[in-house]
$ cat start_24.txt   # compact mmCIF, C-alpha atoms
# COMPACT_ATOMS: atom_id res chain seq x y z
CA MET F 283 -17.83 -3.82 13.09
CA ASN F 284 -19.35 -7.27 12.69
CA LEU F 285 -21.66 -7.65 9.71
CA HIS F 286 -24.01 -10.19 8.13
CA LYS F 287 -26.20 -9.62 5.08
CA VAL F 288 -28.68 -12.07 3.56
CA PHE F 289 -30.83 -11.12 0.56
CA ASN F 290 -34.15 -12.97 0.60
CA SER F 291 -35.10 -14.92 -2.51
CA GLY F 292 -37.73 -17.40 -3.60
CA VAL F 293 -41.38 -17.57 -2.65
CA ARG F 294 -42.20 -15.51 0.47
CA GLY F 295 -38.50 -14.97 1.10
CA VAL F 296 -37.77 -18.65 1.62
CA GLY F 297 -34.07 -19.23 1.09
CA GLY F 298 -31.60 -16.44 0.60
CA ILE F 299 -28.35 -15.21 -0.80
CA ARG F 300 -25.77 -14.90 1.96
CA ALA F 301 -23.78 -11.98 0.57
CA VAL F 302 -21.80 -11.20 3.75
CA SER F 303 -21.10 -13.49 6.70
CA ASP F 304 -19.35 -12.43 9.90
CA VAL F 305 -17.16 -9.69 8.43
CA THR F 306 -15.27 -8.10 11.31
CA PHE F 307 -12.53 -5.47 11.25
CA THR F 308 -11.45 -2.19 12.83
CA LEU F 309 -10.70 0.96 10.85
CA GLN F 310 -8.34 3.27 12.68
CA ARG F 311 -8.13 7.02 12.19
CA ARG F 312 -5.86 8.06 9.28
CA SER F 313 -5.56 4.49 8.04
CA VAL F 314 -6.62 2.59 4.94
CA VAL F 315 -8.13 -0.89 4.92
CA ALA F 316 -8.22 -2.48 1.47
CA ILE F 317 -10.94 -5.08 0.90
CA VAL F 318 -9.79 -7.41 -1.86
CA GLY F 319 -11.54 -10.18 -3.77
CA GLU F 320 -13.09 -11.27 -7.04
CA SER F 321 -16.47 -10.07 -8.26
CA GLY F 322 -19.18 -11.53 -6.05
CA SER F 323 -16.94 -11.81 -3.00
CA GLY F 324 -19.11 -9.39 -1.02
CA LYS F 325 -16.64 -6.52 -0.81
CA SER F 326 -18.95 -3.89 -2.34
CA THR F 327 -21.83 -5.10 -0.17
CA VAL F 328 -19.67 -4.45 2.90
CA ALA F 329 -19.07 -0.88 1.70
CA ARG F 330 -22.80 -0.31 1.21
CA LEU F 331 -23.56 -1.68 4.65
CA ILE F 332 -21.05 0.70 6.23
CA ALA F 333 -22.42 3.61 4.21
CA GLY F 334 -25.97 2.87 5.38
CA LEU F 335 -27.18 2.21 1.83
CA LEU F 336 -28.17 -1.31 2.90
CA PRO F 337 -29.40 -2.44 6.34
CA PRO F 338 -27.44 -5.35 7.82
CA THR F 339 -29.35 -8.55 8.54
CA SER F 340 -27.44 -8.68 11.81
CA GLY F 341 -24.29 -7.26 13.33
CA GLN F 342 -23.10 -3.86 14.49
CA ILE F 343 -21.21 -0.86 13.16
CA TRP F 344 -19.52 1.51 15.59
CA LEU F 345 -18.21 4.98 14.74
CA ASP F 346 -16.20 6.99 17.27
CA GLY F 347 -17.49 4.86 20.12
CA GLN F 348 -21.14 5.20 19.10
CA ARG F 349 -23.19 2.34 17.69
CA VAL F 350 -24.77 3.12 14.32
CA PRO F 351 -28.47 2.11 14.45
CA GLN F 352 -29.56 -0.56 11.96
CA ARG F 353 -32.72 1.42 11.23
CA MET F 354 -31.94 5.13 11.21
CA ALA F 355 -34.33 8.04 11.51
CA PHE F 356 -33.98 10.86 8.97
CA HIS F 357 -31.70 13.00 11.15
CA GLN F 358 -29.53 9.98 11.93
CA LYS F 359 -29.20 9.11 8.23
CA ARG F 360 -28.20 12.69 7.49
CA GLN F 361 -25.50 12.67 10.16
CA HIS F 362 -24.23 9.26 9.04
CA ARG F 363 -24.03 10.42 5.42
CA LYS F 364 -21.96 13.38 6.55
CA ASN F 365 -19.61 11.16 8.55
CA VAL F 366 -19.34 8.38 5.97
CA GLN F 367 -19.05 9.30 2.30
CA MET F 368 -18.74 6.98 -0.69
CA ILE F 369 -16.82 7.24 -3.95
CA PHE F 370 -18.34 4.93 -6.55
CA GLN F 371 -16.66 2.96 -9.31
CA ASP F 372 -18.22 4.88 -12.19
CA PRO F 373 -17.89 8.64 -11.62
CA PHE F 374 -20.08 9.50 -14.62
CA SER F 375 -23.09 7.57 -13.29
CA ALA F 376 -22.57 9.18 -9.87
CA LEU F 377 -22.99 12.66 -11.38
CA ASN F 378 -26.09 14.24 -12.91
CA PRO F 379 -25.17 15.19 -16.50
CA TYR F 380 -27.60 18.12 -16.50
CA TYR F 381 -25.97 20.00 -13.63
CA THR F 382 -22.71 21.87 -13.28
CA VAL F 383 -19.76 21.08 -11.06
CA ARG F 384 -20.80 23.99 -8.85
CA TYR F 385 -24.29 22.54 -8.39
CA HIS F 386 -22.99 19.10 -7.38
CA LEU F 387 -20.68 20.53 -4.72
CA GLU F 388 -23.10 23.11 -3.34
CA ARG F 389 -25.92 20.56 -3.15
CA SER F 390 -23.81 18.31 -0.93
CA LEU F 391 -23.18 21.21 1.44
CA ARG F 392 -26.81 22.29 1.58
CA ASN F 393 -28.07 18.77 2.17
CA LEU F 394 -25.63 17.66 4.85
CA VAL F 395 -23.90 20.66 6.43
CA GLN F 396 -25.19 23.90 7.89
CA VAL F 397 -23.01 26.45 6.11
CA PRO F 398 -23.74 30.18 5.75
CA LYS F 399 -24.83 30.96 2.21
CA ALA F 400 -21.93 33.38 1.77
CA GLU F 401 -19.42 30.59 2.43
CA ILE F 402 -20.85 27.97 0.08
CA LYS F 403 -19.14 29.24 -3.07
CA ALA F 404 -15.78 29.54 -1.32
CA ARG F 405 -16.08 26.02 0.09
CA ALA F 406 -16.84 24.64 -3.38
CA SER F 407 -13.73 26.29 -4.81
CA GLU F 408 -11.59 25.04 -1.92
CA ALA F 409 -12.83 21.48 -2.42
CA LEU F 410 -11.94 21.52 -6.12
CA GLU F 411 -8.48 22.90 -5.48
CA SER F 412 -7.86 20.32 -2.74
CA VAL F 413 -8.29 17.53 -5.32
CA GLY F 414 -6.10 19.19 -7.92
CA LEU F 415 -8.77 20.79 -10.12
CA THR F 416 -7.15 24.22 -10.33
CA PRO F 417 -7.93 26.95 -10.85
CA ALA F 418 -11.40 26.15 -9.57
CA SER F 419 -12.94 28.85 -11.74
CA ASP F 420 -12.10 26.77 -14.82
CA TYR F 421 -14.28 23.89 -13.60
CA LEU F 422 -17.18 25.29 -11.56
CA ASP F 423 -19.45 25.95 -14.53
CA LYS F 424 -18.60 22.81 -16.50
CA ARG F 425 -20.83 19.76 -16.73
CA PRO F 426 -19.65 16.17 -16.18
CA HIS F 427 -19.39 15.34 -19.90
CA GLU F 428 -16.91 18.20 -20.30
CA LEU F 429 -14.47 16.55 -17.88
CA SER F 430 -12.07 13.68 -18.48
CA GLY F 431 -12.47 10.41 -16.58
CA GLY F 432 -9.76 11.36 -14.11
CA GLN F 433 -11.26 14.81 -13.59
CA ARG F 434 -14.70 13.30 -12.95
CA GLN F 435 -13.24 10.99 -10.33
CA ARG F 436 -11.52 13.97 -8.69
CA LEU F 437 -14.86 15.81 -8.70
CA VAL F 438 -16.54 12.87 -6.97
CA ALA F 439 -13.73 12.94 -4.40
CA ALA F 440 -14.28 16.68 -3.89
CA GLN F 441 -18.01 16.05 -3.48
CA ALA F 442 -17.24 13.56 -0.70
CA LEU F 443 -14.57 15.73 0.89
CA ILE F 444 -16.57 18.97 1.01
CA VAL F 445 -18.78 17.79 3.90
CA GLU F 446 -15.68 16.92 6.01
CA PRO F 447 -16.40 13.23 6.60
CA LYS F 448 -14.57 10.93 8.98
CA VAL F 449 -14.58 7.91 6.65
CA ILE F 450 -14.53 7.61 2.87
CA LEU F 451 -15.51 4.35 1.19
CA ALA F 452 -13.85 4.09 -2.22
CA ASP F 453 -15.45 1.32 -4.29
CA GLU F 454 -13.08 0.41 -7.16
CA PRO F 455 -12.33 4.14 -7.73
CA THR F 456 -9.60 3.50 -10.32
CA SER F 457 -10.88 0.44 -12.18
CA MET F 458 -12.49 2.46 -15.00
CA LEU F 459 -9.52 4.78 -15.47
CA ASP F 460 -6.48 4.45 -17.71
CA VAL F 461 -3.41 3.03 -16.00
CA SER F 462 -1.61 6.36 -16.45
CA ILE F 463 -4.35 8.13 -14.45
CA ARG F 464 -4.76 5.57 -11.67
CA ILE F 465 -1.57 6.44 -9.82
CA GLY F 466 -2.65 10.08 -9.67
CA ILE F 467 -5.96 9.14 -8.02
CA LEU F 468 -4.19 6.83 -5.55
CA ASN F 469 -1.71 9.58 -4.65
CA LEU F 470 -4.63 11.98 -4.23
CA MET F 471 -6.31 9.61 -1.77
CA LYS F 472 -3.09 9.23 0.23
CA ARG F 473 -2.66 12.99 0.43
CA LEU F 474 -6.28 13.61 1.42
CA LYS F 475 -6.00 10.97 4.13
CA ASP F 476 -2.99 12.67 5.70
CA GLU F 477 -4.13 16.28 5.28
CA ASN F 478 -7.69 15.72 6.55
CA GLU F 479 -7.11 12.88 9.05
CA LEU F 480 -9.45 10.68 7.05
CA SER F 481 -9.91 6.93 7.17
CA PHE F 482 -10.47 5.02 3.93
CA VAL F 483 -12.01 1.67 3.06
CA PHE F 484 -10.58 0.88 -0.37
CA ILE F 485 -12.49 -1.74 -2.37
CA THR F 486 -10.46 -3.36 -5.14
CA HIS F 487 -9.62 -6.55 -7.01
CA ASP F 488 -6.11 -5.22 -7.68
CA LEU F 489 -3.54 -6.26 -5.08
CA ALA F 490 -0.92 -3.93 -6.56
CA SER F 491 -3.15 -0.91 -5.83
CA ALA F 492 -4.03 -2.34 -2.42
CA ARG F 493 -0.40 -2.63 -1.45
CA TYR F 494 0.37 0.88 -2.67
CA ILE F 495 -2.32 2.63 -0.65
CA SER F 496 -3.38 0.46 2.30
CA ASP F 497 -2.20 -0.21 5.84
CA TYR F 498 -4.27 -3.40 6.18
CA ILE F 499 -5.63 -5.88 3.66
CA LEU F 500 -8.81 -7.89 4.14
CA VAL F 501 -9.28 -10.72 1.61
CA MET F 502 -12.87 -11.84 1.02
CA TYR F 503 -14.23 -14.94 -0.66
CA ALA F 504 -17.92 -15.86 -0.97
CA GLY F 505 -18.93 -13.28 1.61
CA ARG F 506 -16.40 -14.28 4.26
CA VAL F 507 -13.04 -12.92 5.40
CA ILE F 508 -10.44 -15.58 4.65
CA GLU F 509 -7.30 -13.56 5.48
CA TYR F 510 -6.67 -10.26 7.21
CA GLY F 511 -3.55 -8.47 8.37
CA LYS F 512 -1.07 -5.68 7.89
CA THR F 513 -0.50 -5.11 4.21
CA ASP F 514 3.15 -6.16 4.17
CA ASP F 515 2.35 -9.32 6.14
CA VAL F 516 -0.44 -10.39 3.79
CA ILE F 517 1.58 -9.63 0.65
CA ASP F 518 4.96 -10.94 1.80
CA GLU F 519 3.62 -13.93 3.74
CA PRO F 520 0.31 -14.88 2.08
CA THR F 521 -1.08 -17.90 3.86
CA HIS F 522 -4.50 -18.73 2.44
CA PRO F 523 -4.33 -20.48 -0.97
CA TYR F 524 -6.85 -17.98 -2.36
CA THR F 525 -4.67 -15.03 -1.37
CA ARG F 526 -1.73 -16.71 -3.06
CA MET F 527 -3.85 -17.26 -6.19
CA LEU F 528 -4.74 -13.57 -6.31
CA LEU F 529 -1.06 -12.67 -6.03
CA ALA F 530 -0.19 -15.08 -8.81
CA ALA F 531 -2.67 -13.25 -11.05
CA VAL F 532 -0.74 -9.97 -10.72
CA PRO F 533 1.13 -9.35 -14.02
CA ASP F 534 4.42 -8.68 -12.24
CA PRO F 535 4.29 -10.67 -9.00
CA LYS F 536 7.92 -9.88 -8.14
CA ARG F 537 6.74 -6.43 -7.14
CA LEU F 538 4.45 -7.89 -4.52
CA ARG F 539 5.88 -11.04 -3.08
CA GLY F 540 9.12 -12.88 -2.43
CA GLU F 541 10.20 -15.65 -4.76
CA ARG F 542 9.94 -18.12 -1.89
CA ASN F 543 6.15 -18.16 -2.27
CA GLU F 544 4.90 -20.82 -4.67
CA ARG F 545 2.74 -19.52 -7.50
CA ILE F 546 -0.74 -21.06 -7.60
CA PRO F 547 -2.77 -20.32 -10.73
CA LEU F 548 -6.26 -18.90 -10.18
CA VAL F 549 -8.62 -21.53 -11.59
CA GLY F 550 -12.36 -22.11 -11.48
CA GLU F 551 -15.18 -19.67 -10.77
CA PRO F 552 -16.57 -18.15 -7.56
CA PRO F 553 -19.52 -20.11 -6.11
CA ASN F 554 -23.21 -19.27 -6.41
CA LEU F 555 -24.01 -17.41 -3.18
CA SER F 556 -27.45 -19.02 -3.03
CA GLN F 557 -25.91 -22.52 -3.19
CA LEU F 558 -22.64 -22.27 -1.30
CA PRO F 559 -20.45 -25.38 -0.97
CA SER F 560 -20.38 -27.10 2.40
CA GLY F 561 -17.44 -26.63 4.72
CA CYS F 562 -14.87 -24.17 3.44
CA HIS F 563 -16.52 -22.39 0.51
CA PHE F 564 -13.19 -22.33 -1.32
CA HIS F 565 -12.53 -26.08 -1.27
CA PRO F 566 -13.81 -26.81 -4.85
CA ARG F 567 -11.06 -24.53 -6.23
CA CYS F 568 -8.32 -25.31 -3.72
CA PRO F 569 -5.48 -27.64 -4.81
CA TYR F 570 -4.77 -28.45 -1.15
CA ALA F 571 -8.33 -29.32 -0.08
CA MET F 572 -8.58 -32.06 2.56
CA PRO F 573 -11.65 -34.05 3.69
CA GLU F 574 -12.05 -31.67 6.63
CA CYS F 575 -12.27 -28.72 4.22
CA ARG F 576 -15.33 -30.26 2.55
CA GLU F 577 -17.17 -30.75 5.84
CA VAL F 578 -16.17 -28.09 8.38
CA MET F 579 -16.11 -24.30 8.04
CA PRO F 580 -12.64 -23.11 9.15
CA VAL F 581 -12.33 -20.66 12.02
CA ASP F 582 -9.87 -17.80 12.26
CA HIS F 583 -6.32 -18.82 13.10
CA MET F 584 -4.06 -16.09 14.51
CA LEU F 585 -0.63 -16.21 12.86
CA THR F 586 0.44 -13.03 14.67
CA PRO F 587 -1.56 -10.50 16.71
CA ASP F 588 -2.17 -8.59 13.45
CA HIS F 589 -2.48 -11.43 10.92
CA LYS F 590 -5.25 -14.03 10.84
CA VAL F 591 -6.35 -16.65 8.33
CA ALA F 592 -9.35 -18.99 8.07
CA CYS F 593 -7.85 -22.18 6.65
CA HIS F 594 -7.64 -25.79 7.86
CA LEU F 595 -4.31 -26.16 6.07
CA VAL F 596 -2.61 -23.87 8.60
CA LYS F 597 -3.77 -26.00 11.52
CA SER F 598 -2.70 -29.17 9.70
CA GLN F 599 0.76 -27.78 8.94
CA GLU F 600 1.29 -26.65 12.52
CA ALA F 601 0.22 -30.04 13.84
CA ALA F 602 2.71 -31.75 11.51
CA ALA F 603 5.48 -29.38 12.61
CA ASN F 604 4.86 -30.23 16.27
CA VAL F 605 5.09 -33.99 15.76
$ encode --input "start_24.txt" --output "structure tokens"
Amino acid sequence: MNLHKVFNSGVRGVGGIRAVSDVTFTLQRRSVVAIVGESGSGKSTVARLIAGLLPPTSGQIWLDGQRVPQRMAFHQKRQHRKNVQMIFQDPFSALNPYYTVRYHLERSLRNLVQVPKAEIKARASEALESVGLTPASDYLDKRPHELSGGQRQRLVAAQALIVEPKVILADEPTSMLDVSIRIGILNLMKRLKDENELSFVFITHDLASARYISDYILVMYAGRVIEYGKTDDVIDEPTHPYTRMLLAAVPDPKRLRGERNERIPLVGEPPNLSQLPSGCHFHPRCPYAMPECREVMPVDHMLTPDHKVACHLVKSQEAAANV
């Protein structure tokens, strides 16, 4: 996929907020790509573009060799919603408090999948049990407010899983849960991925969670990808200063990175997307910024076939090493 998204602003749409710029990555079957960044980095916008909740300004999304239309007809939207499901950050707001667990699950089936009426109840029970809400009979007639936060998140996962999607987009699915519950949700996602041959896009600001669950990490800043690679490569050999700042913000960085990596404190605030800095958008916060960083947008530099970074510092360091 290769995505751009600009939100129009001002009089008659003059000007705009460039929320996503040239975000490109491949999601393989039974793999997890974690999209990491601060609030306002564009990571949730990417998820909504993939889900079809927002139309891209430009770019393409491909699923199983088929291009997903930018403007979908009703039947195309229905098929895309079946193939690509989303788990939102706040499970309570994603559920209607007036309806039972049974209603939420059965509605998803009726709306997106042609299932014989006699099978709907059985499928709902199977979905609950697959996410650890057992026995299902204890939960089917409950309403969202009668469930704990972890149980609600499992219900939302069951609601996504019941239509047998190919991709699940999980937008900060553990950020509103207690630490003691988060690991259970992450383990659930790993198990569902393996048992159902699912692919996940995992949106998070937490690099510890990203390392635990993902195969690849994509680091975003101000709507752009600034580093991308296999999870161990990005964590063990972080190259972009912003990635290293995010790692330094982890409470116990020894879990994530070798001591050889210098700690850089995360300072400053993300830029206003309607008034982005010239050149590299990160240069106002970067302790290593050079004149070139203030003037020229960096291009991707391939460190290995699976690890790329957009940073002038890498080119400068390689040039110095070759002198």
$ residues_around --input "start_24.txt" --residues "segment 565-578 of chain F" --least-positions-apart "4" --cutoff "7 Å" --atoms "only C-alpha atoms" --output "JSON, numbers by chain"
{"F": [523, 549, 550, 560, 561, 594]}
$ axis_aligned_box --input "start_24.txt" --around "segment 581-590 of chain F" --padding-each-side "4 Å" --output "lines of an AutoDock Vina configuration file"
center_x = -5.9
center_y = -14.6
center_z = 13.8
size_x = 20.8
size_y = 20.1
size_z = 13.9
$ atom_distance --input "start_24.txt" --atom1 "atom CA of Met502 of chain F" --atom2 "atom CA of Ala301 of chain F"
10.9 Å
$ closest_residue --input "start_24.txt" --among "F:Lys364, F:Arg493, F:Lys287, F:His589" --to "Ile450 of chain F" --atoms "only C-alpha atoms"
F:Lys364
$ closest_residue --input "start_24.txt" --among "F:Thr416, F:Val305, F:Ala504, F:Pro426" --to "Gln557 of chain F" --atoms "all atoms listed in the file"
F:Ala504
$ atom_distance --input "start_24.txt" --atom1 "atom CA of Gly322 of chain F" --atom2 "atom CA of Glu509 of chain F"
16.7 Å
$ closest_residue --input "start_24.txt" --among "F:Ser323, F:Lys590, F:Pro447, F:His357" --to "Leu345 of chain F" --atoms "all atoms listed in the file"
F:Pro447
$ residues_around --input "start_24.txt" --residues "segment 383-390 of chain F" --least-positions-apart "5" --cutoff "9 Å" --atoms "all atoms listed in the file" --output "list in words"
Leu377, Asn378, Val395, Ile402, Lys403, Arg405, Ala406, Ser407, Ala409, Leu410, Tyr421, Leu422, Asp423, Lys424, Arg425, Pro426, Leu437, Val438, Ala440, Gln441, Ala442, Ile444 and Val445 of chain F
$ write_last_selection --input "start_24.txt" --atoms "C-alpha atoms" --output "compact mmCIF listing (two decimals), in the coordinates of the input"
# COMPACT_ATOMS: atom_id res chain seq x y z
CA LEU F 377 -22.99 12.66 -11.38
CA ASN F 378 -26.09 14.24 -12.91
CA VAL F 395 -23.90 20.66 6.43
CA ILE F 402 -20.85 27.97 0.08
CA LYS F 403 -19.14 29.24 -3.07
CA ARG F 405 -16.08 26.02 0.09
CA ALA F 406 -16.84 24.64 -3.38
CA SER F 407 -13.73 26.29 -4.81
CA ALA F 409 -12.83 21.48 -2.42
CA LEU F 410 -11.94 21.52 -6.12
CA TYR F 421 -14.28 23.89 -13.60
CA LEU F 422 -17.18 25.29 -11.56
CA ASP F 423 -19.45 25.95 -14.53
CA LYS F 424 -18.60 22.81 -16.50
CA ARG F 425 -20.83 19.76 -16.73
CA PRO F 426 -19.65 16.17 -16.18
CA LEU F 437 -14.86 15.81 -8.70
CA VAL F 438 -16.54 12.87 -6.97
CA ALA F 440 -14.28 16.68 -3.89
CA GLN F 441 -18.01 16.05 -3.48
CA ALA F 442 -17.24 13.56 -0.70
CA ILE F 444 -16.57 18.97 1.01
CA VAL F 445 -18.78 17.79 3.90
$ residues_around --input "start_24.txt" --residues "Asp515 of chain F" --least-positions-apart "3" --cutoff "12 Å" --atoms "only C-alpha atoms" --output "PyMOL selection string"
chain F and resi 493+496-500+509-512+518-521+525+538-540+585-591
$ atom_distance --input "start_24.txt" --atom1 "atom CA of Ser313 of chain F" --atom2 "atom CA of Lys475 of chain F"
7.6 Å
$ residues_around --input "start_24.txt" --residues "Leu548 of chain F" --least-positions-apart "5" --cutoff "9 Å" --atoms "all atoms listed in the file" --output "NGL selection string"
:F and (524 or 526-528 or 530-531 or 567)
$ write_last_selection --input "start_24.txt" --atoms "C-alpha atoms" --output "PDB file, keeping the file's coordinate frame"
ATOM      1  CA  TYR F 524      -6.850 -17.980  -2.360  1.00  0.00           C
ATOM      2  CA  ARG F 526      -1.730 -16.710  -3.060  1.00  0.00           C
ATOM      3  CA  MET F 527      -3.850 -17.260  -6.190  1.00  0.00           C
ATOM      4  CA  LEU F 528      -4.740 -13.570  -6.310  1.00  0.00           C
ATOM      5  CA  ALA F 530      -0.190 -15.080  -8.810  1.00  0.00           C
ATOM      6  CA  ALA F 531      -2.670 -13.250 -11.050  1.00  0.00           C
ATOM      7  CA  ARG F 567     -11.060 -24.530  -6.230  1.00  0.00           C
TER       8      ARG F 567
END
$ residues_around --input "start_24.txt" --residues "Gln367 of chain F" --least-positions-apart "5" --cutoff "10 Å" --atoms "all atoms listed in the file" --output "list in words"
Ile332, Ala333, Gly334, His362, Ala439, Gln441, Ala442, Leu443, Val445, Glu446, Pro447, Lys448, Val449, Ile450, Leu451, Ala452 and Phe482 of chain F
$ closest_residue --input "start_24.txt" --among "F:Gln361, F:Ser326, F:Ala376, F:Arg436" --to "Leu394 of chain F" --atoms "all atoms listed in the file"
F:Gln361
$ closest_residue --input "start_24.txt" --among "F:Ile463, F:Met471, F:Ile495, F:Ala490" --to "Ser412 of chain F" --atoms "all atoms listed in the file"
F:Met471
$ closest_residue --input "start_24.txt" --among "F:Gly431, F:Asn365, F:Ser491, F:Gln310" --to "Leu529 of chain F" --atoms "only C-alpha atoms"
F:Ser491
